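Below: entry.json (JSON, C-alpha atoms)
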```json
[["chain", "number", "residue", "atom", "x", "y", "z"],
["A", 59, "MET", "CA", -15.10, 0.39, 5.26],
["A", 60, "SER", "CA", -12.75, 0.08, 8.22],
["A", 61, "CYS", "CA", -13.76, 0.70, 11.81],
["A", 62, "ILE", "CA", -11.95, 4.05, 11.75],
["A", 63, "GLU", "CA", -14.70, 5.62, 9.68],
["A", 64, "GLN", "CA", -17.23, 4.70, 12.35],
["A", 65, "MET", "CA", -15.15, 6.07, 15.22],
["A", 66, "LYS", "CA", -14.92, 9.59, 16.55],
["A", 67, "TYR", "CA", -11.72, 10.97, 15.08],
["A", 68, "LYS", "CA", -10.02, 14.32, 14.59],
["A", 69, "ILE", "CA", -8.44, 15.29, 11.26],
["A", 70, "HIS", "CA", -5.07, 17.03, 11.70],
["A", 71, "LEU", "CA", -3.93, 17.02, 8.08],
["A", 72, "GLU", "CA", -5.82, 16.06, 4.95],
["A", 73, "ARG", "CA", -5.20, 15.19, 1.29],
["A", 74, "THR", "CA", -1.44, 15.38, 1.62],
["A", 75, "SER", "CA", 1.50, 13.15, 0.71],
["A", 76, "PHE", "CA", 2.45, 10.24, 2.93],
["A", 77, "LYS", "CA", 5.83, 11.85, 3.67],
["A", 78, "GLU", "CA", 4.20, 15.05, 4.91],
["A", 79, "ALA", "CA", 1.76, 13.05, 7.02],
["A", 80, "ARG", "CA", 4.67, 11.17, 8.62],
["A", 81, "GLU", "CA", 6.53, 14.43, 9.32],
["A", 82, "TYR", "CA", 3.43, 15.92, 10.93],
["A", 83, "ILE", "CA", 3.18, 12.98, 13.32],
["A", 84, "GLU", "CA", 6.89, 13.18, 14.12],
["A", 85, "GLN", "CA", 6.65, 16.88, 14.89],
["A", 86, "ASN", "CA", 3.37, 16.91, 16.78],
["A", 87, "SER", "CA", 3.48, 13.88, 19.06],
["A", 88, "ASP", "CA", 4.84, 13.36, 22.56],
["A", 89, "GLU", "CA", 6.05, 9.90, 21.55],
["A", 90, "VAL", "CA", 6.65, 8.48, 18.09],
["A", 91, "HIS", "CA", 6.75, 4.75, 17.35],
["A", 92, "TYR", "CA", 7.51, 3.22, 13.97],
["A", 93, "VAL", "CA", 5.62, 0.26, 12.55],
["A", 94, "SER", "CA", 5.69, -1.75, 9.33],
["A", 95, "PRO", "CA", 3.08, -1.48, 6.56],
["A", 96, "GLY", "CA", 0.02, -3.50, 7.49],
["A", 97, "TYR", "CA", 0.32, -2.90, 11.24],
["A", 98, "LYS", "CA", -3.16, -3.31, 12.70],
["A", 99, "ILE", "CA", -4.68, -0.72, 15.01],
["A", 100, "PHE", "CA", -8.08, -0.65, 16.67],
["A", 101, "LYS", "CA", -10.43, -3.38, 15.50],
["A", 102, "ASP", "CA", -9.62, -3.75, 11.82],
["A", 103, "TYR", "CA", -7.57, -0.89, 10.44],
["A", 104, "TYR", "CA", -4.33, -2.00, 8.76],
["A", 105, "ILE", "CA", -2.01, 0.93, 8.14],
["A", 106, "ILE", "CA", -1.14, 1.60, 4.50],
["A", 107, "GLY", "CA", 2.16, 3.39, 4.21],
["A", 108, "ILE", "CA", 5.78, 3.80, 3.29],
["A", 109, "PRO", "CA", 8.26, 2.59, 5.90],
["A", 110, "PRO", "CA", 9.10, 3.91, 8.38],
["A", 111, "ILE", "CA", 5.46, 4.49, 9.31],
["A", 112, "ALA", "CA", 5.13, 6.85, 12.25],
["A", 113, "VAL", "CA", 2.42, 6.37, 14.85],
["A", 114, "GLY", "CA", 2.28, 9.04, 17.55],
["A", 115, "ALA", "CA", 0.98, 9.39, 21.05],
["A", 116, "LYS", "CA", -0.12, 12.78, 22.32],
["A", 117, "GLY", "CA", -1.58, 12.48, 25.78],
["A", 118, "ASN", "CA", -4.07, 9.65, 25.44],
["A", 119, "ALA", "CA", -4.63, 10.26, 21.72],
["A", 120, "LEU", "CA", -3.16, 8.06, 19.01],
["A", 121, "LEU", "CA", -2.04, 9.89, 15.85],
["A", 122, "PHE", "CA", -1.77, 7.82, 12.68],
["A", 123, "THR", "CA", -1.82, 8.07, 8.91],
["A", 124, "TYR", "CA", -4.85, 7.12, 6.85],
["A", 125, "THR", "CA", -4.41, 6.80, 3.09],
["A", 126, "LYS", "CA", -7.18, 6.60, 0.49],
["A", 127, "PRO", "CA", -6.38, 6.04, -3.21],
["A", 128, "CYS", "CA", -8.38, 9.00, -4.51],
["A", 129, "HIS", "CA", -7.87, 11.42, -1.63],
["A", 130, "GLY", "CA", -4.25, 11.04, -0.53],
["A", 131, "SER", "CA", -2.99, 10.70, 3.01],
["A", 132, "PHE", "CA", -4.54, 12.08, 6.17],
["A", 133, "VAL", "CA", -3.34, 12.40, 9.74],
["A", 134, "LEU", "CA", -6.10, 11.37, 12.14],
["A", 135, "SER", "CA", -6.20, 11.04, 15.87],
["A", 136, "ILE", "CA", -8.48, 9.06, 18.13],
["A", 137, "ASP", "CA", -8.69, 9.75, 21.84],
["A", 138, "ASN", "CA", -10.61, 7.15, 23.80],
["A", 139, "GLU", "CA", -9.96, 4.06, 25.90],
["A", 140, "ASP", "CA", -9.01, 2.06, 22.79],
["A", 141, "SER", "CA", -6.32, 4.60, 21.86],
["A", 142, "VAL", "CA", -4.81, 4.21, 25.33],
["A", 143, "LYS", "CA", -4.71, 0.45, 24.77],
["A", 144, "GLU", "CA", -3.03, 0.94, 21.38],
["A", 145, "ILE", "CA", -0.39, 3.26, 22.84],
["A", 146, "ASN", "CA", 0.35, 0.74, 25.59],
["A", 147, "ARG", "CA", 0.59, -2.03, 22.99],
["A", 148, "LEU", "CA", 3.17, 0.00, 21.02],
["A", 149, "ARG", "CA", 5.19, 0.59, 24.19],
["A", 150, "GLU", "CA", 5.03, -3.09, 25.15],
["A", 151, "SER", "CA", 6.02, -4.18, 21.65],
["A", 152, "GLU", "CA", 9.05, -1.93, 21.87],
["A", 153, "LYS", "CA", 10.07, -3.36, 25.25],
["A", 154, "GLU", "CA", 9.70, -6.95, 24.03],
["A", 155, "LYS", "CA", 11.87, -6.36, 20.98],
["A", 156, "GLU", "CA", 14.76, -4.71, 22.79],
["A", 157, "PRO", "CA", 16.28, -7.71, 24.65],
["A", 158, "ALA", "CA", 16.01, -10.01, 21.64],
["A", 159, "LEU", "CA", 17.78, -7.52, 19.45],
["A", 160, "LEU", "CA", 20.53, -6.97, 21.94],
["A", 161, "LYS", "CA", 21.18, -10.71, 21.96],
["A", 162, "LYS", "CA", 21.26, -10.91, 18.19],
["A", 163, "GLY", "CA", 23.29, -7.76, 17.84],
["A", 164, "LYS", "CA", 21.53, -6.72, 14.65],
["A", 165, "PRO", "CA", 18.09, -5.47, 13.58],
["A", 166, "PRO", "CA", 15.55, -7.77, 11.90],
["A", 167, "GLU", "CA", 16.08, -8.02, 8.15],
["A", 168, "SER", "CA", 12.55, -8.63, 7.00],
["A", 169, "SER", "CA", 10.03, -5.85, 6.63],
["A", 170, "LYS", "CA", 7.31, -8.37, 5.76],
["A", 171, "ALA", "CA", 6.08, -8.79, 9.30],
["A", 172, "PRO", "CA", 3.61, -6.12, 10.35],
["A", 173, "ALA", "CA", 5.27, -5.48, 13.68],
["A", 174, "ALA", "CA", 7.20, -2.60, 15.12],
["A", 175, "SER", "CA", 10.89, -2.61, 14.34],
["A", 176, "TYR", "CA", 13.30, -1.54, 17.03],
["A", 177, "GLN", "CA", 15.77, -0.28, 14.46],
["A", 178, "ASP", "CA", 13.15, 2.15, 13.24],
["A", 179, "ILE", "CA", 11.92, 3.17, 16.64],
["A", 180, "TRP", "CA", 12.70, 6.64, 17.75],
["A", 181, "LYS", "CA", 11.12, 8.00, 20.83],
["A", 182, "LYS", "CA", 11.06, 11.63, 21.81],
["A", 183, "GLN", "CA", 12.09, 12.07, 25.40],
["A", 184, "ASP", "CA", 9.57, 13.96, 27.41],
["A", 185, "PRO", "CA", 11.59, 16.39, 29.57],
["A", 186, "GLU", "CA", 8.85, 16.30, 32.20],
["A", 187, "SER", "CA", 9.06, 12.55, 32.72],
["B", 11, "MET", "CA", 4.08, -23.52, -21.81],
["B", 12, "ASN", "CA", 6.55, -21.53, -19.76],
["B", 13, "PHE", "CA", 7.57, -21.94, -16.14],
["B", 14, "MET", "CA", 5.28, -19.15, -14.97],
["B", 15, "THR", "CA", 2.10, -20.66, -16.39],
["B", 16, "GLY", "CA", -0.57, -20.68, -13.71],
["B", 17, "ALA", "CA", 1.29, -18.15, -11.57],
["B", 18, "LYS", "CA", -0.95, -15.82, -9.61],
["B", 19, "VAL", "CA", -0.89, -12.23, -10.82],
["B", 20, "LEU", "CA", -2.52, -9.25, -9.13],
["B", 21, "LEU", "CA", -3.35, -6.07, -11.02],
["B", 22, "MET", "CA", -3.74, -3.39, -8.37],
["B", 23, "MET", "CA", -5.72, -0.41, -9.61],
["B", 24, "GLY", "CA", -5.69, 2.94, -7.86],
["B", 25, "CYS", "CA", -7.91, 5.98, -8.20],
["B", 26, "PRO", "CA", -9.50, 5.83, -11.68],
["B", 27, "GLU", "CA", -9.40, 9.55, -12.46],
["B", 28, "ILE", "CA", -6.75, 9.06, -15.16],
["B", 29, "PRO", "CA", -8.59, 7.46, -18.11],
["B", 30, "ILE", "CA", -5.87, 5.11, -19.36],
["B", 31, "GLN", "CA", -5.92, 3.01, -16.19],
["B", 32, "THR", "CA", -9.15, 1.17, -17.06],
["B", 33, "SER", "CA", -8.18, 0.34, -20.62],
["B", 34, "ILE", "CA", -4.70, -0.82, -19.64],
["B", 35, "ALA", "CA", -6.10, -2.95, -16.80],
["B", 36, "LEU", "CA", -8.52, -4.66, -19.21],
["B", 37, "TYR", "CA", -5.76, -5.14, -21.79],
["B", 38, "LEU", "CA", -3.21, -6.47, -19.32],
["B", 39, "SER", "CA", -5.69, -8.80, -17.64],
["B", 40, "HIS", "CA", -6.69, -10.32, -20.96],
["B", 41, "LYS", "CA", -3.13, -10.65, -22.29],
["B", 42, "LEU", "CA", -1.80, -12.24, -19.10],
["B", 43, "THR", "CA", -4.79, -14.61, -18.91],
["B", 44, "LYS", "CA", -4.11, -15.70, -22.50],
["B", 45, "LEU", "CA", -0.48, -16.32, -21.54],
["B", 46, "GLY", "CA", -1.70, -18.76, -18.89],
["B", 47, "PHE", "CA", -1.53, -16.64, -15.74],
["B", 48, "ASP", "CA", -4.16, -16.72, -13.02],
["B", 49, "VAL", "CA", -5.10, -13.02, -13.02],
["B", 50, "THR", "CA", -6.96, -11.13, -10.29],
["B", 51, "VAL", "CA", -7.80, -7.44, -10.61],
["B", 52, "ALA", "CA", -8.20, -5.41, -7.42],
["B", 53, "GLY", "CA", -9.65, -1.93, -7.35],
["B", 54, "THR", "CA", -11.39, 0.78, -5.40],
["B", 55, "THR", "CA", -15.18, 0.83, -5.68],
["B", 56, "ALA", "CA", -15.14, 3.36, -8.53],
["B", 57, "ALA", "CA", -12.27, 1.70, -10.41],
["B", 58, "SER", "CA", -14.04, -1.66, -10.15],
["B", 59, "LYS", "CA", -17.35, -0.24, -11.39],
["B", 60, "LEU", "CA", -15.63, 1.30, -14.42],
["B", 61, "LEU", "CA", -14.11, -2.07, -15.20],
["B", 62, "LYS", "CA", -17.32, -3.97, -14.57],
["B", 63, "VAL", "CA", -19.34, -1.75, -16.91],
["B", 64, "SER", "CA", -16.65, -1.88, -19.60],
["B", 65, "ASP", "CA", -16.43, -5.67, -19.36],
["B", 66, "SER", "CA", -19.93, -6.57, -18.24],
["B", 67, "ASP", "CA", -19.68, -10.22, -19.29],
["B", 68, "GLY", "CA", -16.31, -10.69, -17.58],
["B", 69, "TYR", "CA", -14.59, -11.50, -20.84],
["B", 70, "TYR", "CA", -11.34, -9.68, -20.07],
["B", 71, "VAL", "CA", -11.38, -9.78, -16.27],
["B", 72, "LYS", "CA", -12.25, -13.11, -14.68],
["B", 73, "LYS", "CA", -11.63, -12.17, -11.05],
["B", 74, "LEU", "CA", -12.43, -8.68, -9.76],
["B", 75, "VAL", "CA", -11.91, -8.00, -6.03],
["B", 76, "ASP", "CA", -11.87, -5.14, -3.56],
["B", 77, "LEU", "CA", -8.46, -3.51, -3.14],
["B", 78, "ASP", "CA", -8.52, -2.91, 0.62],
["B", 79, "LYS", "CA", -9.95, -6.36, 1.35],
["B", 80, "THR", "CA", -7.23, -7.97, -0.78],
["B", 81, "ILE", "CA", -4.52, -6.11, 1.13],
["B", 82, "VAL", "CA", -6.01, -7.30, 4.43],
["B", 83, "ASP", "CA", -6.14, -10.88, 3.10],
["B", 84, "ILE", "CA", -2.44, -10.70, 2.18],
["B", 85, "ILE", "CA", -1.48, -9.23, 5.56],
["B", 86, "GLU", "CA", -3.47, -11.96, 7.31],
["B", 87, "LYS", "CA", -1.79, -14.55, 5.05],
["B", 88, "ARG", "CA", -5.07, -15.79, 3.59],
["B", 89, "THR", "CA", -3.73, -15.22, 0.07],
["B", 90, "ASP", "CA", -0.69, -13.98, -1.84],
["B", 91, "PHE", "CA", 0.49, -13.54, -5.41],
["B", 92, "ASP", "CA", 3.57, -14.32, -7.49],
["B", 93, "MET", "CA", 3.51, -11.06, -9.40],
["B", 94, "CYS", "CA", 1.84, -7.69, -8.85],
["B", 95, "PHE", "CA", 1.31, -4.90, -11.35],
["B", 96, "ALA", "CA", 0.57, -1.77, -9.32],
["B", 97, "PHE", "CA", -1.04, 1.15, -11.13],
["B", 98, "MET", "CA", -0.15, 4.57, -9.79],
["B", 99, "HIS", "CA", -0.51, 8.18, -10.82],
["B", 100, "ASN", "CA", -0.44, 9.87, -7.43],
["B", 101, "ASP", "CA", 1.28, 9.65, -4.06],
["B", 102, "ALA", "CA", -1.51, 7.50, -2.61],
["B", 103, "GLY", "CA", -1.11, 4.93, -5.40],
["B", 104, "MET", "CA", 2.61, 4.80, -4.73],
["B", 105, "THR", "CA", 1.91, 4.42, -1.00],
["B", 106, "TYR", "CA", -0.40, 1.45, -1.66],
["B", 107, "ALA", "CA", 2.20, -0.16, -3.94],
["B", 108, "THR", "CA", 4.91, 0.29, -1.32],
["B", 109, "THR", "CA", 2.66, -1.40, 1.21],
["B", 110, "MET", "CA", 2.05, -4.27, -1.20],
["B", 111, "SER", "CA", 5.80, -4.70, -1.75],
["B", 112, "SER", "CA", 6.28, -4.91, 1.99],
["B", 113, "ILE", "CA", 3.50, -7.39, 2.83],
["B", 114, "SER", "CA", 3.65, -9.68, -0.22],
["B", 115, "GLN", "CA", 6.17, -12.05, -1.73],
["B", 116, "ALA", "CA", 5.08, -10.92, -5.21],
["B", 117, "ARG", "CA", 7.54, -9.65, -7.77],
["B", 118, "MET", "CA", 6.55, -6.00, -8.23],
["B", 119, "TYR", "CA", 5.90, -4.07, -11.44],
["B", 120, "SER", "CA", 5.02, -0.39, -11.04],
["B", 121, "ILE", "CA", 2.87, 1.06, -13.82],
["B", 122, "VAL", "CA", 3.36, 4.80, -13.44],
["B", 123, "PHE", "CA", 1.30, 7.12, -15.62],
["B", 124, "GLY", "CA", -0.33, 10.56, -15.72],
["B", 125, "ARG", "CA", 1.11, 14.06, -16.02],
["B", 126, "ASN", "CA", 3.57, 13.63, -13.13],
["B", 127, "ALA", "CA", 4.61, 10.08, -13.98],
["B", 128, "GLU", "CA", 8.35, 10.66, -14.18],
["B", 129, "ALA", "CA", 8.55, 12.63, -10.93],
["B", 130, "LEU", "CA", 6.37, 10.05, -9.19],
["B", 131, "ALA", "CA", 8.50, 7.18, -10.47],
["B", 132, "GLU", "CA", 11.54, 8.86, -8.91],
["B", 133, "THR", "CA", 9.93, 8.62, -5.48],
["B", 134, "ILE", "CA", 9.52, 4.83, -5.60],
["B", 135, "GLU", "CA", 11.82, 3.31, -2.99],
["B", 136, "PHE", "CA", 10.93, -0.38, -3.17],
["B", 137, "ASP", "CA", 12.41, -2.97, -5.48],
["B", 138, "CYS", "CA", 10.38, -3.18, -8.71],
["B", 139, "GLU", "CA", 10.41, -2.88, -12.45],
["B", 140, "LYS", "CA", 9.08, 0.53, -13.46],
["B", 141, "ILE", "CA", 6.92, 0.99, -16.54],
["B", 142, "VAL", "CA", 6.54, 4.75, -16.94],
["B", 143, "ALA", "CA", 4.50, 6.78, -19.43],
["B", 144, "GLN", "CA", 3.63, 10.44, -18.98],
["B", 145, "ASP", "CA", 0.19, 9.92, -20.55],
["B", 146, "VAL", "CA", -3.36, 10.60, -19.43],
["B", 147, "HIS", "CA", -5.75, 9.86, -22.31],
["B", 148, "ASN", "CA", -3.79, 7.89, -24.89],
["B", 149, "PRO", "CA", -2.89, 4.39, -23.65],
["B", 150, "VAL", "CA", -0.84, 3.30, -26.66],
["B", 151, "ARG", "CA", 2.63, 4.22, -25.38],
["B", 152, "LEU", "CA", 1.99, 2.48, -22.06],
["B", 153, "LYS", "CA", 0.50, -0.53, -23.84],
["B", 154, "ASN", "CA", 3.61, -0.82, -26.02],
["B", 155, "LYS", "CA", 5.88, -0.71, -22.98],
["B", 156, "LEU", "CA", 3.80, -3.37, -21.24],
["B", 157, "ASP", "CA", 3.91, -5.57, -24.35],
["B", 158, "LYS", "CA", 7.71, -5.61, -23.99],
["B", 159, "VAL", "CA", 7.45, -6.50, -20.32],
["B", 160, "MET", "CA", 5.04, -9.34, -21.10],
["B", 161, "GLU", "CA", 7.38, -10.63, -23.80],
["B", 162, "GLU", "CA", 10.13, -10.81, -21.19],
["B", 163, "ILE", "CA", 7.86, -12.54, -18.68],
["B", 164, "ALA", "CA", 6.67, -15.10, -21.22],
["B", 165, "ARG", "CA", 10.19, -15.86, -22.44]]
```
Could you render the structure from this file as structure tokens?
Amino acid sequence: MSCIEQMKYKIHLERTSFKEAREYIEQNSDEVHYVSPGYKIFKDYYIIGIPPIAVGAKGNALLFTYTKPCHGSFVLSIDNEDSVKEINRLRESEKEKEPALLKKGKPPESSKAPAASYQDIWKKQDPES
Amino acid sequence: MNFMTGAKVLLMMGCPEIPIQTSIALYLSHKLTKLGFDVTVAGTTAASKLLKVSDSDGYYVKKLVDLDKTIVDIIEKRTDFDMCFAFMHNDAGMTYATTMSSISQARMYSIVFGRNAEALAETIEFDCEKIVAQDVHNPVRLKNKLDKVMEEIAR
């Protein structure tokens, strides 16, 4: 059992396909970041998914996919001080990757590393910001 | 003796609601072990219990582990495999297999079965050999296809 099941979460979508779960996050988040399979959030949850895996921020809440073999994929959100930390970590990871990629002039080739890929990152612009 | 003798093989079981998964996992584990592979079977709690009751003395399956824990161990680089046979009959199974293909160095084999096997196989985007049988209760067609794959591997 991962830590997610012991946290206070909200279910946005349940027992669906991974693709639909990803689309829900893309369409219902203020910011969308893309991570590789196995990206770790909170204490010990490693995201199972098909790249590109969308992770969203809506206010202080983190939206993410949660897949169980017998029940399909879910979209969950967690809104607490840990979700704020996770959102900041995604933003920082994106910032760190940008200069390195500009120097290299091409995106990373390997999808083995469970880190965010700049090539896959798409961020909705908030018109208010 | 072939060059793959001793290679580490993972059989990754998904949700056990389709009956042929358990029998094929037992069959494949035993056959690959006899060929000299170091076989580990990973499953959900229910899939593992089905296997454990069917093979209570561990004759066919020598190593039975938890699926999610194994994935974490691979991500954290505590273990990895040379080959992975991923069972799938639903979108979640395919999602797990895609994750495995991304985090592991293993050569992937997708065992796709159940009523929607062909449509599900079409959705696989990662590099793998697909073994597809649109069967639910009768494992013979899938077994025959896997026999051919094992012949190729052992060659």
List every residue of chain B that has an atom at most 7 Å from any atom of chain A, giving for each one its closest atom pair and the distance in Å to one decimal, counting only C-alpha atoms, sorted by chain and then by ascending residue number, as JSON lines.
```
{"residue": "B:Gly24", "atom": "CA", "partner": "A:Pro127", "partner_atom": "CA", "distance": 5.6}
{"residue": "B:Cys25", "atom": "CA", "partner": "A:Cys128", "partner_atom": "CA", "distance": 4.8}
{"residue": "B:Ile85", "atom": "CA", "partner": "A:Gly96", "partner_atom": "CA", "distance": 6.2}
{"residue": "B:Asp101", "atom": "CA", "partner": "A:Ser75", "partner_atom": "CA", "distance": 5.9}
{"residue": "B:Ala102", "atom": "CA", "partner": "A:Gly130", "partner_atom": "CA", "distance": 4.9}
{"residue": "B:Gly103", "atom": "CA", "partner": "A:Pro127", "partner_atom": "CA", "distance": 5.8}
{"residue": "B:Thr105", "atom": "CA", "partner": "A:Gly107", "partner_atom": "CA", "distance": 5.3}
{"residue": "B:Tyr106", "atom": "CA", "partner": "A:Ile106", "partner_atom": "CA", "distance": 6.2}
{"residue": "B:Thr108", "atom": "CA", "partner": "A:Ile108", "partner_atom": "CA", "distance": 5.9}
{"residue": "B:Thr109", "atom": "CA", "partner": "A:Pro95", "partner_atom": "CA", "distance": 5.4}
{"residue": "B:Ser112", "atom": "CA", "partner": "A:Lys170", "partner_atom": "CA", "distance": 5.2}
{"residue": "B:Ile113", "atom": "CA", "partner": "A:Lys170", "partner_atom": "CA", "distance": 4.9}
```
If we draw a sphere of 10 Å around (9.1, -6.8, -17.8), which residues have at least one atom in it when counting only C-alpha atoms? Please report them as a PyMOL selection string. chain B and resi 118-119+138-141+155-164
In Å, how far is it from CA of Lys143 in chain A to CA of Glu78 in chain A?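 Going from CA of Lys143 in chain A over to CA of Glu78 in chain A covers 26.2 Å.
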What is the CA of Ile134 in chain B-CA of Glu152 in chain A distance in Å, reported with one decimal? 28.3 Å
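Atom to atom, CA of Leu45 in chain B and CA of Gly16 in chain B stand 9.0 Å apart.
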Residues near His70 in chain A, cut-off 10 Å, only C-alpha atoms, skip fewer than 2 positions along chain, as a ChimeraX atom specification: /A:67-68,72,79,82-83,86,121-123,132-135
Can you list, as a ChimeraX atom specification, every protein, DNA or RNA residue that comes within 10 Å of Ser114 in chain B when you count all atoms listed in the file, leaving out same-chain residues fewer than 6 positions away? /A:170-171 /B:81,84-85,87,89-94
Using all atoms listed in the file: which of A:Phe100, A:Leu148, A:Ser141, A:Ile62 has the shortest distance to Leu120 in chain A: A:Ser141
Ile145 in chain A: which residues within 9 Å, counting only C-alpha atoms, same-chain residues fewer than 3 positions away excluded, as a PyMOL selection string? chain A and resi 114-115+118-120+140-142+148-150
For range 121-145 of chain B, where the input has fewer atoms than it should, I would like N, CA and C atoms rebuilt and written as a PDB file, in the coordinates of the input.
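Ended up saving to result.pdb:
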```pdb
ATOM      1  N   ILE B 121       3.352   0.402 -12.595  1.00  0.00           N
ATOM      2  CA  ILE B 121       2.870   1.060 -13.820  1.00  0.00           C
ATOM      3  C   ILE B 121       2.572   2.506 -13.433  1.00  0.00           C
ATOM      4  N   VAL B 122       3.461   3.405 -13.853  1.00  0.00           N
ATOM      5  CA  VAL B 122       3.360   4.800 -13.440  1.00  0.00           C
ATOM      6  C   VAL B 122       2.933   5.641 -14.642  1.00  0.00           C
ATOM      7  N   PHE B 123       1.847   6.379 -14.484  1.00  0.00           N
ATOM      8  CA  PHE B 123       1.300   7.120 -15.620  1.00  0.00           C
ATOM      9  C   PHE B 123       0.730   8.447 -15.133  1.00  0.00           C
ATOM     10  N   GLY B 124       0.213   9.253 -16.082  1.00  0.00           N
ATOM     11  CA  GLY B 124      -0.330  10.560 -15.720  1.00  0.00           C
ATOM     12  C   GLY B 124       0.699  11.663 -15.931  1.00  0.00           C
ATOM     13  N   ARG B 125       0.263  12.892 -15.701  1.00  0.00           N
ATOM     14  CA  ARG B 125       1.110  14.060 -16.020  1.00  0.00           C
ATOM     15  C   ARG B 125       2.385  14.115 -15.187  1.00  0.00           C
ATOM     16  N   ASN B 126       2.373  13.566 -13.999  1.00  0.00           N
ATOM     17  CA  ASN B 126       3.570  13.630 -13.130  1.00  0.00           C
ATOM     18  C   ASN B 126       4.279  12.284 -13.038  1.00  0.00           C
ATOM     19  N   ALA B 127       4.116  11.465 -14.063  1.00  0.00           N
ATOM     20  CA  ALA B 127       4.610  10.080 -13.980  1.00  0.00           C
ATOM     21  C   ALA B 127       6.106   9.992 -13.667  1.00  0.00           C
ATOM     22  N   GLU B 128       6.896  10.809 -14.364  1.00  0.00           N
ATOM     23  CA  GLU B 128       8.350  10.660 -14.180  1.00  0.00           C
ATOM     24  C   GLU B 128       8.772  11.078 -12.779  1.00  0.00           C
ATOM     25  N   ALA B 129       8.216  12.178 -12.296  1.00  0.00           N
ATOM     26  CA  ALA B 129       8.550  12.630 -10.930  1.00  0.00           C
ATOM     27  C   ALA B 129       8.077  11.602  -9.902  1.00  0.00           C
ATOM     28  N   LEU B 130       6.894  11.048 -10.131  1.00  0.00           N
ATOM     29  CA  LEU B 130       6.370  10.050  -9.190  1.00  0.00           C
ATOM     30  C   LEU B 130       7.242   8.792  -9.181  1.00  0.00           C
ATOM     31  N   ALA B 131       7.662   8.388 -10.378  1.00  0.00           N
ATOM     32  CA  ALA B 131       8.500   7.180 -10.470  1.00  0.00           C
ATOM     33  C   ALA B 131       9.800   7.355  -9.688  1.00  0.00           C
ATOM     34  N   GLU B 132      10.307   8.579  -9.657  1.00  0.00           N
ATOM     35  CA  GLU B 132      11.540   8.860  -8.910  1.00  0.00           C
ATOM     36  C   GLU B 132      11.383   8.629  -7.410  1.00  0.00           C
ATOM     37  N   THR B 133      10.153   8.744  -6.925  1.00  0.00           N
ATOM     38  CA  THR B 133       9.930   8.620  -5.480  1.00  0.00           C
ATOM     39  C   THR B 133       9.769   7.171  -5.028  1.00  0.00           C
ATOM     40  N   ILE B 134       9.714   6.236  -5.968  1.00  0.00           N
ATOM     41  CA  ILE B 134       9.520   4.830  -5.600  1.00  0.00           C
ATOM     42  C   ILE B 134      10.799   4.298  -4.942  1.00  0.00           C
ATOM     43  N   GLU B 135      10.651   3.773  -3.733  1.00  0.00           N
ATOM     44  CA  GLU B 135      11.820   3.310  -2.990  1.00  0.00           C
ATOM     45  C   GLU B 135      11.933   1.792  -2.931  1.00  0.00           C
ATOM     46  N   PHE B 136      10.869   1.074  -3.283  1.00  0.00           N
ATOM     47  CA  PHE B 136      10.930  -0.380  -3.170  1.00  0.00           C
ATOM     48  C   PHE B 136      11.435  -1.013  -4.464  1.00  0.00           C
ATOM     49  N   ASP B 137      11.834  -2.262  -4.358  1.00  0.00           N
ATOM     50  CA  ASP B 137      12.410  -2.970  -5.480  1.00  0.00           C
ATOM     51  C   ASP B 137      11.300  -3.353  -6.481  1.00  0.00           C
ATOM     52  N   CYS B 138      11.413  -2.864  -7.707  1.00  0.00           N
ATOM     53  CA  CYS B 138      10.380  -3.180  -8.710  1.00  0.00           C
ATOM     54  C   CYS B 138      10.898  -2.834 -10.097  1.00  0.00           C
ATOM     55  N   GLU B 139      10.171  -3.337 -11.087  1.00  0.00           N
ATOM     56  CA  GLU B 139      10.410  -2.880 -12.450  1.00  0.00           C
ATOM     57  C   GLU B 139       9.427  -1.756 -12.729  1.00  0.00           C
ATOM     58  N   LYS B 140       9.956  -0.624 -13.214  1.00  0.00           N
ATOM     59  CA  LYS B 140       9.080   0.530 -13.460  1.00  0.00           C
ATOM     60  C   LYS B 140       8.704   0.615 -14.932  1.00  0.00           C
ATOM     61  N   ILE B 141       7.411   0.770 -15.196  1.00  0.00           N
ATOM     62  CA  ILE B 141       6.920   0.990 -16.540  1.00  0.00           C
ATOM     63  C   ILE B 141       6.278   2.382 -16.500  1.00  0.00           C
ATOM     64  N   VAL B 142       6.930   3.349 -17.123  1.00  0.00           N
ATOM     65  CA  VAL B 142       6.540   4.750 -16.940  1.00  0.00           C
ATOM     66  C   VAL B 142       6.116   5.378 -18.259  1.00  0.00           C
ATOM     67  N   ALA B 143       4.957   6.033 -18.249  1.00  0.00           N
ATOM     68  CA  ALA B 143       4.500   6.780 -19.430  1.00  0.00           C
ATOM     69  C   ALA B 143       3.752   8.018 -18.958  1.00  0.00           C
ATOM     70  N   GLN B 144       4.208   9.176 -19.434  1.00  0.00           N
ATOM     71  CA  GLN B 144       3.630  10.440 -18.980  1.00  0.00           C
ATOM     72  C   GLN B 144       2.344  10.729 -19.763  1.00  0.00           C
ATOM     73  N   ASP B 145       1.416   9.789 -19.744  1.00  0.00           N
ATOM     74  CA  ASP B 145       0.190   9.920 -20.550  1.00  0.00           C
ATOM     75  C   ASP B 145      -1.050   9.873 -19.676  1.00  0.00           C
TER      76      ASP B 145
END
```
